[in-house]
file start-v3.pdb (PDB, C-alpha atoms and all ligand atoms)
ATOM      1  CA  MET E  21      -4.652  26.838 -16.692
ATOM      2  CA  ASN E  22      -8.311  27.410 -17.435
ATOM      3  CA  GLY E  23     -11.127  25.753 -15.552
ATOM      4  CA  LYS E  24     -11.948  23.353 -18.359
ATOM      5  CA  LYS E  25      -8.435  21.951 -18.557
ATOM      6  CA  ALA E  26      -8.181  21.599 -14.803
ATOM      7  CA  GLY E  27     -11.545  19.801 -14.865
ATOM      8  CA  GLY E  28     -10.186  17.370 -17.449
ATOM      9  CA  LEU E  29      -7.221  16.453 -15.266
ATOM     10  CA  VAL E  30      -9.410  15.985 -12.243
ATOM     11  CA  GLU E  31     -11.770  13.779 -14.230
ATOM     12  CA  GLN E  32      -8.836  11.657 -15.373
ATOM     13  CA  LEU E  33      -7.594  11.237 -11.815
ATOM     14  CA  ILE E  34     -11.026  10.155 -10.670
ATOM     15  CA  ALA E  35     -11.573   7.790 -13.612
ATOM     16  CA  LYS E  36      -8.204   6.132 -13.018
ATOM     17  CA  THR E  37      -8.971   5.711  -9.322
ATOM     18  CA  GLU E  38     -12.446   4.320 -10.035
ATOM     19  CA  GLU E  39     -10.995   1.774 -12.437
ATOM     20  CA  PHE E  40      -8.391   0.629  -9.896
ATOM     21  CA  VAL E  41     -10.934   0.345  -7.088
ATOM     22  CA  LYS E  42     -13.490  -1.521  -9.221
ATOM     23  CA  GLN E  43     -10.869  -4.044 -10.206
ATOM     24  CA  GLU E  44      -9.617  -4.527  -6.634
ATOM     25  CA  MET E  45     -13.011  -4.832  -4.968
ATOM     26  CA  SER E  46     -15.061  -6.697  -7.526
ATOM     27  CA  THR E  47     -14.934 -10.026  -5.720
ATOM     28  CA  ASP E  48     -15.891  -9.007  -2.186
ATOM     29  CA  SER E  49     -19.301 -10.056  -0.872
ATOM     30  CA  THR E  50     -19.082  -8.890   2.737
ATOM     31  CA  GLY E  51     -20.618  -5.496   1.987
ATOM     32  CA  HIS E  52     -17.344  -3.981   0.864
ATOM     33  CA  ASP E  53     -18.054  -4.102  -2.823
ATOM     34  CA  TRP E  54     -17.809  -1.392  -5.457
ATOM     35  CA  PHE E  55     -21.392  -0.252  -4.783
ATOM     36  CA  HIS E  56     -20.491   0.455  -1.143
ATOM     37  CA  ILE E  57     -17.566   2.554  -2.340
ATOM     38  CA  ASP E  58     -19.732   4.395  -4.855
ATOM     39  CA  ARG E  59     -22.388   5.148  -2.211
ATOM     40  CA  VAL E  60     -19.763   6.439   0.213
ATOM     41  CA  ARG E  61     -18.327   8.701  -2.495
ATOM     42  CA  LYS E  62     -21.783  10.069  -3.372
ATOM     43  CA  THR E  63     -22.788  10.646   0.247
ATOM     44  CA  ALA E  64     -19.442  12.302   1.029
ATOM     45  CA  LEU E  65     -19.866  14.702  -1.899
ATOM     46  CA  GLU E  66     -23.469  15.363  -0.841
ATOM     47  CA  ILE E  67     -22.252  16.338   2.636
ATOM     48  CA  TRP E  68     -19.567  18.534   1.077
ATOM     49  CA  GLU E  69     -22.181  20.263  -1.137
ATOM     50  CA  ILE E  70     -24.001  21.378   1.992
ATOM     51  CA  GLU E  71     -21.113  21.997   4.386
ATOM     52  CA  LYS E  72     -18.737  23.431   1.773
ATOM     53  CA  VAL E  73     -15.652  22.755   3.878
ATOM     54  CA  GLY E  74     -12.527  20.938   2.707
ATOM     55  CA  ASP E  75     -11.185  19.972  -0.707
ATOM     56  CA  PRO E  76     -13.766  17.984  -2.722
ATOM     57  CA  LEU E  77     -11.075  16.239  -4.765
ATOM     58  CA  ILE E  78      -9.381  14.907  -1.620
ATOM     59  CA  ILE E  79     -12.789  13.864  -0.296
ATOM     60  CA  GLU E  80     -13.703  12.012  -3.499
ATOM     61  CA  LEU E  81     -10.352  10.227  -3.876
ATOM     62  CA  ALA E  82     -10.220   9.266  -0.192
ATOM     63  CA  ALA E  83     -13.809   7.965  -0.357
ATOM     64  CA  LEU E  84     -12.971   5.888  -3.430
ATOM     65  CA  LEU E  85      -9.829   4.457  -1.831
ATOM     66  CA  HIS E  86     -11.006   4.153   1.765
ATOM     67  CA  ASP E  87     -11.345   0.355   1.844
ATOM     68  CA  ILE E  88      -8.454  -0.575  -0.476
ATOM     69  CA  SER E  89      -6.016  -1.344   2.330
ATOM     70  CA  ASP E  90      -8.647  -2.993   4.553
ATOM     71  CA  GLU E  91      -7.266  -5.990   6.454
ATOM     72  CA  LYS E  92     -10.173  -8.173   5.339
ATOM     73  CA  LEU E  93      -9.196  -7.955   1.680
ATOM     74  CA  HIS E  94      -5.523  -8.853   2.201
ATOM     75  CA  SER E  95      -3.533 -11.510   4.003
ATOM     76  CA  THR E  96      -1.545  -8.934   6.003
ATOM     77  CA  LYS E  97      -1.981  -5.321   7.071
ATOM     78  CA  GLU E  98       1.282  -4.447   5.276
ATOM     79  CA  GLU E  99       0.069  -5.937   2.004
ATOM     80  CA  GLY E 100      -3.009  -3.697   2.148
ATOM     81  CA  GLU E 101      -0.957  -0.592   2.883
ATOM     82  CA  GLU E 102       1.382  -1.426   0.026
ATOM     83  CA  LYS E 103      -1.557  -1.652  -2.410
ATOM     84  CA  LEU E 104      -2.615   1.864  -1.540
ATOM     85  CA  THR E 105       0.922   3.302  -1.504
ATOM     86  CA  SER E 106       1.848   1.889  -4.894
ATOM     87  CA  PHE E 107      -1.369   3.132  -6.468
ATOM     88  CA  LEU E 108      -0.914   6.633  -5.056
ATOM     89  CA  LYS E 109       2.646   6.684  -6.444
ATOM     90  CA  GLN E 110       1.269   6.456  -9.980
ATOM     91  CA  LEU E 111      -1.196   9.324  -9.545
ATOM     92  CA  SER E 112      -0.186  12.749 -10.835
ATOM     93  CA  LEU E 113      -1.084  14.572  -7.665
ATOM     94  CA  GLU E 114       0.922  16.700  -5.198
ATOM     95  CA  GLU E 115       2.723  14.703  -2.500
ATOM     96  CA  SER E 116       0.959  16.679   0.220
ATOM     97  CA  LYS E 117      -2.435  15.623  -1.175
ATOM     98  CA  LYS E 118      -1.371  11.983  -1.389
ATOM     99  CA  HIS E 119      -0.251  12.239   2.225
ATOM    100  CA  GLN E 120      -3.613  13.727   3.210
ATOM    101  CA  ILE E 121      -5.503  10.895   1.471
ATOM    102  CA  LYS E 122      -3.427   8.250   3.269
ATOM    103  CA  GLU E 123      -3.975   9.947   6.591
ATOM    104  CA  ILE E 124      -7.751  10.048   6.064
ATOM    105  CA  ILE E 125      -7.859   6.336   5.228
ATOM    106  CA  GLU E 126      -5.751   5.420   8.264
ATOM    107  CA  THR E 127      -7.930   7.357  10.664
ATOM    108  CA  ILE E 128     -11.477   6.553   9.572
ATOM    109  CA  SER E 129     -11.998   2.866  10.335
ATOM    110  CA  PHE E 130     -14.233   2.034  13.267
ATOM    111  CA  LYS E 131     -12.596  -1.252  14.288
ATOM    112  CA  GLY E 132     -14.595  -2.101  17.380
ATOM    113  CA  GLY E 133     -14.574   1.456  18.694
ATOM    114  CA  ASN E 134     -10.799   1.698  19.056
ATOM    115  CA  ASN E 135     -10.590   4.369  16.422
ATOM    116  CA  HIS E 136      -8.071   7.153  15.919
ATOM    117  CA  SER E 137      -9.130  10.766  16.237
ATOM    118  CA  ILE E 138     -10.022  12.702  13.112
ATOM    119  CA  THR E 139      -7.377  15.127  11.858
ATOM    120  CA  SER E 140      -9.040  16.974   8.956
ATOM    121  CA  VAL E 141     -12.427  18.183   7.714
ATOM    122  CA  GLU E 142     -12.067  15.901   4.695
ATOM    123  CA  ALA E 143     -11.582  12.891   7.005
ATOM    124  CA  ALA E 144     -14.623  13.980   9.030
ATOM    125  CA  ILE E 145     -16.800  13.962   5.908
ATOM    126  CA  VAL E 146     -15.533  10.647   4.498
ATOM    127  CA  GLN E 147     -15.911   8.982   7.894
ATOM    128  CA  ASP E 148     -19.489  10.234   8.197
ATOM    129  CA  ALA E 149     -20.309   8.924   4.719
ATOM    130  CA  ASP E 150     -18.781   5.504   5.488
ATOM    131  CA  ARG E 151     -20.694   5.289   8.765
ATOM    132  CA  LEU E 152     -23.949   6.367   7.105
ATOM    133  CA  ASP E 153     -23.629   3.389   4.770
ATOM    134  CA  ALA E 154     -23.549   1.082   7.795
ATOM    135  CA  ILE E 155     -26.925   2.306   9.102
ATOM    136  CA  GLY E 156     -30.494   2.599   7.783
ATOM    137  CA  ALA E 157     -31.946   0.221   5.168
ATOM    138  CA  ILE E 158     -28.587  -0.403   3.496
ATOM    139  CA  GLY E 159     -26.904  -0.883   6.857
ATOM    140  CA  ILE E 160     -29.472  -3.518   7.833
ATOM    141  CA  ALA E 161     -28.941  -5.374   4.548
ATOM    142  CA  ARG E 162     -25.154  -5.222   4.983
ATOM    143  CA  ALA E 163     -25.286  -6.518   8.557
ATOM    144  CA  PHE E 164     -27.211  -9.645   7.529
ATOM    145  CA  ALA E 165     -25.097 -10.155   4.416
ATOM    146  CA  TYR E 166     -21.940  -9.975   6.550
ATOM    147  CA  GLY E 167     -23.449 -12.267   9.179
ATOM    148  CA  GLY E 168     -24.429 -14.847   6.564
ATOM    149  CA  LYS E 169     -20.976 -14.829   5.081
ATOM    150  CA  LYS E 170     -19.442 -15.331   8.535
ATOM    151  CA  GLY E 171     -21.945 -18.050   9.387
ATOM    152  CA  GLN E 172     -23.273 -16.223  12.433
ATOM    153  CA  PRO E 173     -26.960 -16.459  13.417
ATOM    154  CA  ILE E 174     -29.363 -13.654  12.528
ATOM    155  CA  TYR E 175     -30.283 -13.633  16.212
ATOM    156  CA  ASP E 176     -29.720 -15.854  19.235
ATOM    157  CA  PRO E 177     -31.115 -14.596  22.547
ATOM    158  CA  SER E 178     -28.521 -16.658  24.441
ATOM    159  CA  ILE E 179     -25.608 -14.641  22.988
ATOM    160  CA  SER E 180     -25.198 -11.487  25.022
ATOM    161  CA  VAL E 181     -24.314  -8.083  23.631
ATOM    162  CA  ARG E 182     -20.640  -7.158  24.134
ATOM    163  CA  LYS E 183     -20.062  -3.792  25.808
ATOM    164  CA  SER E 184     -16.545  -3.224  24.515
ATOM    165  CA  MET E 185     -14.203  -5.303  22.425
ATOM    166  CA  THR E 186     -10.765  -5.357  20.900
ATOM    167  CA  ASN E 187     -10.284  -5.271  17.137
ATOM    168  CA  GLU E 188      -9.675  -9.042  17.221
ATOM    169  CA  GLU E 189     -12.895  -9.690  19.162
ATOM    170  CA  TYR E 190     -14.831  -7.374  16.826
ATOM    171  CA  ARG E 191     -13.797  -9.577  13.891
ATOM    172  CA  LYS E 192     -13.799 -13.047  15.419
ATOM    173  CA  GLY E 193     -15.938 -13.021  18.561
ATOM    174  CA  ASN E 194     -19.220 -14.820  19.110
ATOM    175  CA  SER E 195     -22.057 -12.574  17.984
ATOM    176  CA  SER E 196     -25.245 -12.385  15.959
ATOM    177  CA  SER E 197     -26.312  -9.891  13.335
ATOM    178  CA  ILE E 198     -28.948  -8.470  15.685
ATOM    179  CA  ASN E 199     -26.282  -8.005  18.378
ATOM    180  CA  HIS E 200     -24.227  -6.039  15.874
ATOM    181  CA  PHE E 201     -26.889  -3.320  15.980
ATOM    182  CA  TYR E 202     -26.180  -2.799  19.698
ATOM    183  CA  GLU E 203     -22.432  -3.324  19.421
ATOM    184  CA  LYS E 204     -21.980  -0.838  16.584
ATOM    185  CA  LEU E 205     -24.840   0.358  14.402
ATOM    186  CA  LEU E 206     -27.003   2.123  16.998
ATOM    187  CA  LYS E 207     -23.918   3.939  18.330
ATOM    188  CA  LEU E 208     -23.003   5.563  15.024
ATOM    189  CA  LYS E 209     -25.558   8.410  15.114
ATOM    190  CA  GLU E 210     -23.806   9.937  18.141
ATOM    191  CA  LYS E 211     -20.440   9.653  16.444
ATOM    192  CA  MET E 212     -21.209  11.790  13.403
ATOM    193  CA  ASN E 213     -18.671  14.559  12.839
ATOM    194  CA  THR E 214     -20.704  16.934  10.667
ATOM    195  CA  THR E 215     -24.125  18.534  11.150
ATOM    196  CA  THR E 216     -25.281  17.234   7.767
ATOM    197  CA  GLY E 217     -24.070  13.730   8.614
ATOM    198  CA  ARG E 218     -25.991  13.821  11.887
ATOM    199  CA  GLU E 219     -29.181  14.922  10.131
ATOM    200  CA  ILE E 220     -28.986  12.053   7.638
ATOM    201  CA  ALA E 221     -28.136   9.664  10.489
ATOM    202  CA  GLU E 222     -31.264  10.624  12.502
ATOM    203  CA  ARG E 223     -33.632   9.259   9.866
ATOM    204  CA  ARG E 224     -31.596   6.124   9.230
ATOM    205  CA  HIS E 225     -31.271   5.478  12.970
ATOM    206  CA  ALA E 226     -35.047   5.787  13.475
ATOM    207  CA  PHE E 227     -35.588   3.300  10.643
ATOM    208  CA  MET E 228     -33.293   0.753  12.349
ATOM    209  CA  GLU E 229     -35.213   1.179  15.613
ATOM    210  CA  ASP E 230     -38.489   0.530  13.781
ATOM    211  CA  PHE E 231     -36.932  -2.506  12.138
ATOM    212  CA  LEU E 232     -35.779  -3.907  15.501
ATOM    213  CA  ASN E 233     -39.232  -3.419  17.028
ATOM    214  CA  GLU E 234     -40.840  -5.259  14.121
ATOM    215  CA  PHE E 235     -38.179  -7.958  14.326
ATOM    216  CA  TYR E 236     -38.893  -8.701  18.016
ATOM    217  CA  ASN E 237     -42.655  -8.592  17.400
ATOM    218  CA  ASP E 238     -42.287 -11.164  14.655
ATOM    219  CA  TRP E 239     -39.809 -13.203  16.717
ATOM    220  CA  ASN E 240     -42.243 -13.361  19.586
ATOM    221  CA  GLY E 241     -45.140 -14.175  17.272
ATOM    222  CA  LYS E 242     -47.179 -11.091  18.140
ATOM    223  CA  ARG E 243     -50.176 -10.519  15.925
ATOM    224  CA  GLN E 244     -51.161  -7.097  14.726
TER     225      GLN E 244
HETATM  226  P1  LIG Q   1     -15.923  -0.733   7.891
HETATM  227  O1  LIG Q   1     -14.553  -1.310   8.144
HETATM  228  O2  LIG Q   1     -16.134  -0.239   6.475
HETATM  229  O3  LIG Q   1     -16.415   0.207   8.933
HETATM  230  P2  LIG Q   1     -16.721  -3.354   8.558
HETATM  231  O4  LIG Q   1     -15.688  -4.061   7.804
HETATM  232  O5  LIG Q   1     -16.605  -3.292  10.029
HETATM  233  O6  LIG Q   1     -16.932  -1.924   7.979
HETATM  234  O7  LIG Q   1     -18.086  -4.001   8.181
HETATM  235  C1  LIG Q   1     -18.615  -4.104   6.878
HETATM  236  C2  LIG Q   1     -20.140  -4.223   6.976
HETATM  237  O8  LIG Q   1     -20.458  -5.396   7.705
HETATM  238  C3  LIG Q   1     -20.763  -3.063   7.761
HETATM  239  O9  LIG Q   1     -22.000  -2.730   7.217
HETATM  240  C4  LIG Q   1     -20.889  -3.606   9.160
HETATM  241  O10 LIG Q   1     -21.937  -3.015   9.880
HETATM  242  C5  LIG Q   1     -21.136  -5.073   8.906
HETATM  243  N1  LIG Q   1     -20.567  -5.897   9.998
HETATM  244  C6  LIG Q   1     -19.334  -5.859  10.534
HETATM  245  N2  LIG Q   1     -19.199  -6.742  11.545
HETATM  246  C7  LIG Q   1     -20.399  -7.349  11.657
HETATM  247  C8  LIG Q   1     -20.939  -8.362  12.507
HETATM  248  N3  LIG Q   1     -20.223  -8.928  13.458
HETATM  249  N4  LIG Q   1     -22.229  -8.717  12.322
HETATM  250  C9  LIG Q   1     -22.990  -8.164  11.354
HETATM  251  N5  LIG Q   1     -22.557  -7.221  10.521
HETATM  252  C10 LIG Q   1     -21.281  -6.810  10.656
HETATM  253 NI    NI Q   2     -16.269   1.346   3.991
END

call {"tool": "encode", "arguments": {"input": "start-v3.pdb", "output": "structure tokens", "more": "lines below"}}
Ligand code: ADP
Ligand code: NI
result
Amino acid sequence: MNGKKAGGLVEQLIAKTEEFVKQEMSTDSTGHDWFHIDRVRKTALEIWEIEKVGDPLIIELAALLHDISDEKLHSTKEEGEEKLTSFLKQLSLEESKKHQIKEIIETISFKGGNNHSITSVEAAIVQDADRLDAIGAIGIARAFAYGGKKGQPIYDPSISVRKSMTNEEYRKGNSSSINHFYEKLLKLKEKMNTTTGREIAERRHAFMEDFLNEFYNDWNGKRQ
């Protein structure tokens, strides 16, 4: 098979996956929309371009599908898993690659810090890209969008920051969007798997710190 033909098949696989994901995620407003998926895919491929480790097709498909089975989008965990499994069944891709994609998706979620360990370089890259989308300017916007949707305050000094939490507490506990920075977002820089991911995270992390400083200045009514 020549390169052009192979490229055509790959493009078809990606287009079919994009179409499925767009359709499945079009209604979500908690920061898990199609644009989040598209940013994660782009960032993951950007990391791959620099690191040049792993299979870029696996990385792209896993990035596109990484939130499809998310518990928040389905009534049960099983229903989410079934969505992913039945879609993968229709893809003309080797079983081993489908297995790899599923494994990446199962291992990358943060879920309050109780995460599984990473088992492949592809998973490392997709996880970094997903985490990068939770920090920096976009991360800040997503935190407040999520908080608004959940009806939690932007900030309430009487709600203390939780040191550790179960998955259940992460989803349902009493928090504020500002607390979420301390409970998750400011911890992500140290959790990057790849050198490139860490470099991108440094800048985004610094921006969040600046934002928090400004936020407290404004909160306390300090004049410049
Ligand atoms: P993922 O599962 O993709 O890691 P989450 O579902 O945990 O992401 O969260 C989606 C977005 O909402 C992320 O940007 C995350 O930082 C934000 N978020 C999650 N929980 C909270 C919370 N309690 N307060 C504010 N933002 C949150
Ligand atoms: Ni995600």

call {"tool": "residues_near_ligand", "arguments": {"input": "start-v3.pdb", "ligand": "ligand LIG 1 (chain Q)", "cutoff": "9 Å", "atoms": "all atoms listed in the file", "output": "PyMOL selection string"}}
result
chain E and resi 50-52+56+86-87+90-92+128-132+147+150-151+153-155+158-168+170+172+174+190-201+203-205

call {"tool": "resolve_selection", "arguments": {"input": "start-v3.pdb", "expression": "the PyMOL selection byres (((chain E and resi 67-73) around 8) and not hetatm)", "output": "list of chain:residue names"}}
result
E:Thr63, E:Ala64, E:Leu65, E:Glu66, E:Gly74, E:Asp75, E:Pro76, E:Val141, E:Glu142, E:Ile145, E:Ala149, E:Thr216, E:Gly217

call {"tool": "atom_distance", "arguments": {"input": "start-v3.pdb", "atom1": "CA of Ala83 (chain E)", "atom2": "CA of Lys97 (chain E)"}}
result
19.3 Å

call {"tool": "residues_around", "arguments": {"input": "start-v3.pdb", "residues": "Phe40 (chain E)", "least_positions_apart": "2", "cutoff": "12 Å", "atoms": "all atoms listed in the file", "output": "list of chain:residue names"}}
result
E:Leu33, E:Ile34, E:Ala35, E:Lys36, E:Thr37, E:Glu38, E:Lys42, E:Gln43, E:Glu44, E:Met45, E:Ser46, E:Trp54, E:Leu81, E:Leu84, E:Leu85, E:Ile88, E:Lys103, E:Leu104, E:Ser106, E:Phe107, E:Leu108, E:Gln110, E:Leu111

call {"tool": "closest_residue", "arguments": {"input": "start-v3.pdb", "among": "E:Lys117, E:Asn213, E:His225, E:Val146", "to": "ligand NI 2 (chain Q)", "atoms": "all atoms listed in the file"}}
result
E:Val146

call {"tool": "atom_distance", "arguments": {"input": "start-v3.pdb", "atom1": "CA of Ile121 (chain E)", "atom2": "CA of Glu219 (chain E)"}}
result
25.5 Å

call {"tool": "closest_residue", "arguments": {"input": "start-v3.pdb", "among": "E:Glu102, E:Asp148, E:Gly28, E:Lys122", "to": "ligand NI 2 (chain Q)", "atoms": "only C-alpha atoms and all ligand atoms"}}
result
E:Asp148

call {"tool": "atom_distance", "arguments": {"input": "start-v3.pdb", "atom1": "CA of Leu77 (chain E)", "atom2": "CA of Ile57 (chain E)"}}
result
15.3 Å

call {"tool": "resolve_selection", "arguments": {"input": "start-v3.pdb", "expression": "the PyMOL selection byres (((chain E and resi 224) around 9) and not hetatm)", "output": "list in words"}}
result
Leu152, Ile155, Gly156, Ala157, Gly159, Lys209, Ile220, Ala221, Glu222, Arg223, His225, Ala226, Phe227, Met228 and Glu229 of chain E

call {"tool": "closest_residue", "arguments": {"input": "start-v3.pdb", "among": "E:Ser89, E:Ser180, E:Thr186, E:Ser116", "to": "ligand NI 2 (chain Q)", "atoms": "all atoms listed in the file"}}
result
E:Ser89

call {"tool": "closest_residue", "arguments": {"input": "start-v3.pdb", "among": "E:Ala143, E:Val41, E:Ile78, E:Val60", "to": "ligand NI 2 (chain Q)", "atoms": "all atoms listed in the file"}}
result
E:Val60

call {"tool": "closest_residue", "arguments": {"input": "start-v3.pdb", "among": "E:Leu232, E:Ile138, E:Val181, E:Ile125", "to": "ligand NI 2 (chain Q)", "atoms": "all atoms listed in the file"}}
result
E:Ile125

call {"tool": "axis_aligned_box", "arguments": {"input": "start-v3.pdb", "around": "region 157-166 of chain E", "padding_each_side": "3 Å", "output": "lines of an AutoDock Vina configuration file"}}
result
center_x = -26.9
center_y = -5.0
center_z = 6.0
size_x = 16.0
size_y = 16.4
size_z = 11.1

call {"tool": "closest_residue", "arguments": {"input": "start-v3.pdb", "among": "E:Tyr175, E:Tyr236, E:Phe231, E:Phe55", "to": "ligand NI 2 (chain Q)", "atoms": "only C-alpha atoms and all ligand atoms"}}
result
E:Phe55
